[in-house]
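For reference, the structure is listed below as structure tokens.
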Amino acid sequence: MLKISNTLTGKKEPFRSRGTAGKIKKVGMYVCGITVYDRCHLGHARSAVVFDVIRRYLEYKKYKVRYVKNFTDVDDKIILRAHKEGRLWIEVAETYIQAYHEDMARLGVPPADVEPRATEYIPEMIGLIQTLIKKKVAYVIDGNVYYRVKQFNGYGKLSKRDTEDLLAGARVEVDERKEDPLDFALWKASKPGEPTWESPWGPGRPGWHIECSAMSMALLGQTFDIHGGGKDLIFPHHENEIAQSEGATGKPFARYWVHNGFVNVNQEKMSKSLGNFFTIQEIFEKSPWPEAVTAEVLRYFLVSTQYRSPIDFSDEALKSAKAGLDNFYRMFQKLDEPVATASLPRGRKLRVALKAFPKRFEAAMDDDFNTALAVSEMQQLRAAVNAVLDQGLSRPLSQAVQKLFRKHGAVLGLFSFSIGQWTRTKETGTAISAADVEQRLKERDDARHRKDWARADAIREQLADAGIILEDRPDGTTRIRR
């Protein structure tokens with residue numbers, strides 16, 4: 001049974017969806033999207049891939065998933081950027097919504113089923129705020145509407161913080177008129193040069209937190225299954241979502257809260273001030289590989305760590321991920337060259353491993369979407385396949401192996417290319433002459449003879465960058481040129 005680490009309870013819990021339609025199991029999943037004032041960065045890439053994999057695995061488990069991921073398209077940061085660039089705020093928002101779609105296409109992340117924009121749900125937000133005012137958990141001051149945090153007894157249950165900690169960590173709006181410093185804005189009175197909408201409290205615009213409550217409940221219902229996002233959203237954003245949603249409905253909001261870990265760069269927190277801040281666009285532009293290959297390398301890097309854990313990004317980490325995928329694609333290359341039937345005992349042993357693999361893969365993924373363990377299971381199966389590949393495999397067995405890897409790899413967004421596509425480099429990639437290849441092969445043979453494995457591996461990587469894949473076999477080294 002699938003178990004999910006629920007931030008709300010602090011426990012790993014069996015997953016049971018709320019909705020069924022006959023034999024169809026339905027899941028409603030809402031993930032907080034981006035504020036569209038700049039290009040997506042590596043942290044956005046991790047969140048996108050994490051929840052894409054969760055969606056894929058739920059569909060693999062035969063759930064019918066309704067996946068909603070929003071755009072915050074009106075916000076202080078968008079307005080500030082528009083003023084700096086002398087553009088309309090709506091133009092800035094549109095620019096970066098399109099940039100988001102470009103980045104997701106590069107990553108191989110398909111769109112959510114619904115991708116609502118905050119500005120499309122202003123009436124729903126106003127209705128929700130009116131309900132909170134009627135219940136006296138919100139109040140109006142000079143056209144602004146604030147939520148009375150201390151009126152909600154469960155405040156802090158997601159972040160597990162007390163009032164003092166909450167006050168220290170909150171994005172507290174500077175307004176001395178508020179009844180309590182912890183109270184947060186549901187509606188902001190209009191200011192010169194800002195976008196505004198009419199409301200019962202005068203012209204203004206919504207606060208950040210109310211957006212997601214209104215959109216998620218409008219599209220998934222007052223109570224739905226999974227709410228996700230990065231750990232940085234736990235407080236105050238998700239804490240406030242719970243307060244305003246449950247304060248309005250009196251019902252549980254989301255049943256499972258799922259949060260992915262942070263991204264570090266060279267063991268330091270990713271930050272523009274430290275100069276270690278990477279956008280998705282920059283990662284693809286500086287990559288020596290084709291975009292499709294880079295996407296799979298980045299995915300392999302991201303899914304090789306369990307989603308809740310922090311992950312450290314570096315050029316070396318990407319190279320290591322590329323080398324790991326090369327190992328799988330070299331296996332696929334050999335599987336395309338069956339020459340015989342493996343000896344009966346070893347062939348039977350492989351068939352046993354193939355039969356056992358789906359359950360081992362599912363056991364890993366059922367354990368809170370443990371993609372790191374799932375990748376490890378794939379690596380172990382690859383080792384079992386390689387153990388008999390030097391004898392050759394029959395065509396049916398070879399095809400069964402490839403089908404198994406491709407099917408389960410697709411859950412993680414992996415193994416989607418032929419060997420020819422995988423080894424193809426950019427037209428501007430590293431050029432290497434036949435003489436250079438022979439020289440480097442000789443140097444590698446010498447290094448292997450000296451047991452200088454580090455040097456041998458370095459030469460292998462140099463040749464791989466040029467589109468030449470090496471495979472060491474009992475009868476010698478085979479090379480595959482793009």
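For the structure tokens, the naming scheme is as follows: chains receive sequential letters (A, B, ...) according to their order of presentation, residues are indexed from 1 within each chain, and ligands are indexed from 1 in presentation order.
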With stretch 222-241 of chain A as the partner and 12 Å as the cut-off, tabulate the residues of stretch 295-380 of chain A that qualify, each row holding the nearest pair of atoms and their distance in Å to one decimal, using only C-alpha atoms, sorted by chain and rising number, as a Markdown table.
| residue | atom | partner | partner_atom | distance |
| --- | --- | --- | --- | --- |
| A:Tyr307 | CA | A:Gly230 | CA | 9.9 |
| A:Arg308 | CA | A:Lys231 | CA | 8.5 |
| A:Ser309 | CA | A:Lys231 | CA | 10.2 |
| A:Pro310 | CA | A:Lys231 | CA | 10.1 |
Quiz prompt | Near-A:Gln151 list (6 Å; only C-alpha atoms; drop same-chain fewer than 2 positions) as a VMD selection string | solution = chain A and resid 137 148 to 149
Residue selection dump (N, CA and C atoms) as a compact mmCIF listing (two decimals), in the first residue's frame:
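Final output, saved to again13.txt:
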# COMPACT_ATOMS: atom_id res chain seq x y z
N VAL A 137 -13.96 35.96 11.65
CA VAL A 137 -12.55 35.57 11.69
C VAL A 137 -11.74 36.46 10.75
N ARG A 148 -8.08 37.12 11.35
CA ARG A 148 -7.78 37.07 12.79
C ARG A 148 -7.17 35.70 13.12
N VAL A 149 -5.86 35.67 13.16
CA VAL A 149 -5.17 34.40 13.37
C VAL A 149 -5.55 33.73 14.68
Exercise. For A:Val263, please output as a ChimeraX atom specification all residues within 6 Å (counting only C-alpha atoms; exclusion window: fewer than 6 positions along the same chain).
Key: /A:43,310-312
Write a file of the selected residues as a compact mmCIF listing (two decimals), in the first residue's frame, keeping all heavy atoms.
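Output contents, as saved in selection31.txt:
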# COMPACT_ATOMS: atom_id res chain seq x y z
N GLY A 43 15.26 25.30 -8.03
CA GLY A 43 14.29 24.87 -7.03
C GLY A 43 12.93 24.61 -7.65
O GLY A 43 12.23 23.65 -7.27
N PRO A 310 17.22 17.29 1.28
CA PRO A 310 17.91 18.31 0.49
C PRO A 310 18.77 17.66 -0.59
O PRO A 310 19.17 16.50 -0.44
CB PRO A 310 18.78 19.04 1.53
CG PRO A 310 18.95 18.05 2.63
CD PRO A 310 17.69 17.23 2.66
N ILE A 311 19.04 18.39 -1.64
CA ILE A 311 19.84 17.83 -2.74
C ILE A 311 20.90 18.86 -3.13
O ILE A 311 20.62 20.06 -3.14
CB ILE A 311 18.94 17.46 -3.94
CG1 ILE A 311 19.71 16.66 -4.98
CG2 ILE A 311 18.28 18.69 -4.55
CD1 ILE A 311 18.81 16.05 -6.04
N ASP A 312 22.12 18.39 -3.39
CA ASP A 312 23.23 19.29 -3.69
C ASP A 312 23.54 19.25 -5.18
O ASP A 312 23.88 18.20 -5.72
CB ASP A 312 24.46 18.89 -2.88
CG ASP A 312 25.56 19.94 -2.95
OD1 ASP A 312 25.28 21.10 -2.59
OD2 ASP A 312 26.68 19.62 -3.38
Self-check item: Selection near A:Val53, 9 Å with only C-alpha atoms, sequence-local residues under 6 positions removed, as an MDAnalysis selection string
Solution: chainID A and resid 303 369 371 411:413
Exercise. Write out as a PyMOL selection string the residues lying within 8 Å of stretch 22-36 of chain A, counting only C-alpha atoms and excluding same-chain residues fewer than 6 positions away.
Key: chain A and resi 44+51+62-75+78+92-94+96-97+212+216+220+224-229
Exercise. Figure out the distance between atom CA of A:Ser47 and atom CA of A:Val297, please, to one decimal in Å.
Key: 16.1 Å
Practice problem: Please provide the set of residues having any atom within 10 Å of A:His83, restricted to only C-alpha atoms, with same-chain residues fewer than 6 positions apart removed, written as number ranges by chain. | Solution: A: 77, 89, 92, 193-194
Limited to C-alpha atoms, could you put the picked residues into a file as a PDB file, in the first residue's frame?
ATOM      1  CA  LYS A  77       7.190  41.397  -7.167  1.00  0.00           C
ATOM      2  CA  TRP A  89       2.106  44.222 -14.903  1.00  0.00           C
ATOM      3  CA  VAL A  92       5.333  40.892 -17.200  1.00  0.00           C
ATOM      4  CA  GLY A 193      -0.074  52.487 -10.092  1.00  0.00           C
ATOM      5  CA  GLU A 194      -1.267  49.060  -8.958  1.00  0.00           C
TER       6      GLU A 194
END
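Near A:Glu211, within 8 Å and counting only C-alpha atoms, sit Thr72, Ala118, Tyr121, Met125, Pro206, Gly207 and Met215 of chain A, not including residues fewer than 4 positions from it in the same chain.
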Quiz item: Which of stretch 255-358 of chain A counts as helix (DSSP H, G or I) under DSSP, as a VMD selection string please?
Solution: chain A and resid 280 to 286 291 to 303 315 to 335 344 to 358
Generate a file of the selected residues that holds C-alpha atoms, formatted as a short mmCIF file (atom, residue, chain, number, x, y, z; two decimals), in the first residue's frame.
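The resulting out-v6.cif:
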data_model
loop_
_atom_site.label_atom_id
_atom_site.label_comp_id
_atom_site.auth_asym_id
_atom_site.auth_seq_id
_atom_site.Cartn_x
_atom_site.Cartn_y
_atom_site.Cartn_z
CA ILE A 280 16.52 26.29 -15.78
CA GLN A 281 17.31 28.22 -18.95
CA GLU A 282 20.96 28.69 -17.87
CA ILE A 283 21.38 25.01 -17.05
CA PHE A 284 20.21 23.98 -20.50
CA GLU A 285 22.23 26.66 -22.28
CA LYS A 286 25.51 25.70 -20.65
CA GLU A 291 18.28 19.54 -24.61
CA ALA A 292 16.39 16.26 -24.47
CA VAL A 293 19.43 14.47 -23.04
CA THR A 294 20.03 17.28 -20.55
CA ALA A 295 16.41 17.00 -19.40
CA GLU A 296 16.79 13.30 -18.70
CA VAL A 297 20.14 13.84 -16.98
CA LEU A 298 18.59 16.52 -14.77
CA ARG A 299 15.66 14.25 -13.99
CA TYR A 300 17.97 11.35 -13.12
CA PHE A 301 19.94 13.66 -10.83
CA LEU A 302 16.75 14.87 -9.10
CA VAL A 303 15.04 11.50 -8.67
CA ASP A 315 28.51 20.29 -12.42
CA GLU A 316 30.07 17.12 -11.05
CA ALA A 317 26.68 15.90 -9.86
CA LEU A 318 25.26 16.35 -13.36
CA LYS A 319 28.24 14.55 -14.91
CA SER A 320 27.72 11.70 -12.47
CA ALA A 321 24.04 11.53 -13.43
CA LYS A 322 25.00 11.45 -17.13
CA ALA A 323 27.44 8.62 -16.43
CA GLY A 324 24.73 6.71 -14.56
CA LEU A 325 22.34 7.03 -17.48
CA ASP A 326 25.11 6.08 -19.92
CA ASN A 327 25.35 2.77 -18.07
CA PHE A 328 21.70 2.06 -18.76
CA TYR A 329 21.90 3.11 -22.40
CA ARG A 330 25.02 0.94 -22.92
CA MET A 331 22.93 -1.95 -21.63
CA PHE A 332 20.16 -1.05 -24.10
CA GLN A 333 22.79 -1.01 -26.86
CA LYS A 334 23.85 -4.55 -26.05
CA LEU A 335 20.24 -5.66 -25.71
CA LEU A 344 19.59 -22.23 -19.07
CA PRO A 345 20.50 -21.69 -15.37
CA ARG A 346 21.61 -18.06 -15.88
CA GLY A 347 18.75 -17.28 -18.21
CA ARG A 348 16.31 -18.67 -15.64
CA LYS A 349 17.92 -16.56 -12.92
CA LEU A 350 17.44 -13.42 -15.01
CA ARG A 351 13.80 -14.30 -15.65
CA VAL A 352 13.27 -14.60 -11.89
CA ALA A 353 14.83 -11.16 -11.39
CA LEU A 354 12.61 -9.70 -14.12
CA LYS A 355 9.50 -11.19 -12.56
CA ALA A 356 10.40 -9.85 -9.13
CA PHE A 357 11.32 -6.36 -10.29
CA PRO A 358 7.84 -4.75 -10.58
#
Quiz prompt | Minimum-distance residue to A:Pro288, chosen among A:Leu88, A:Ala464, A:Thr7, A:Asp38 (using only C-alpha atoms) | solution = A:Ala464
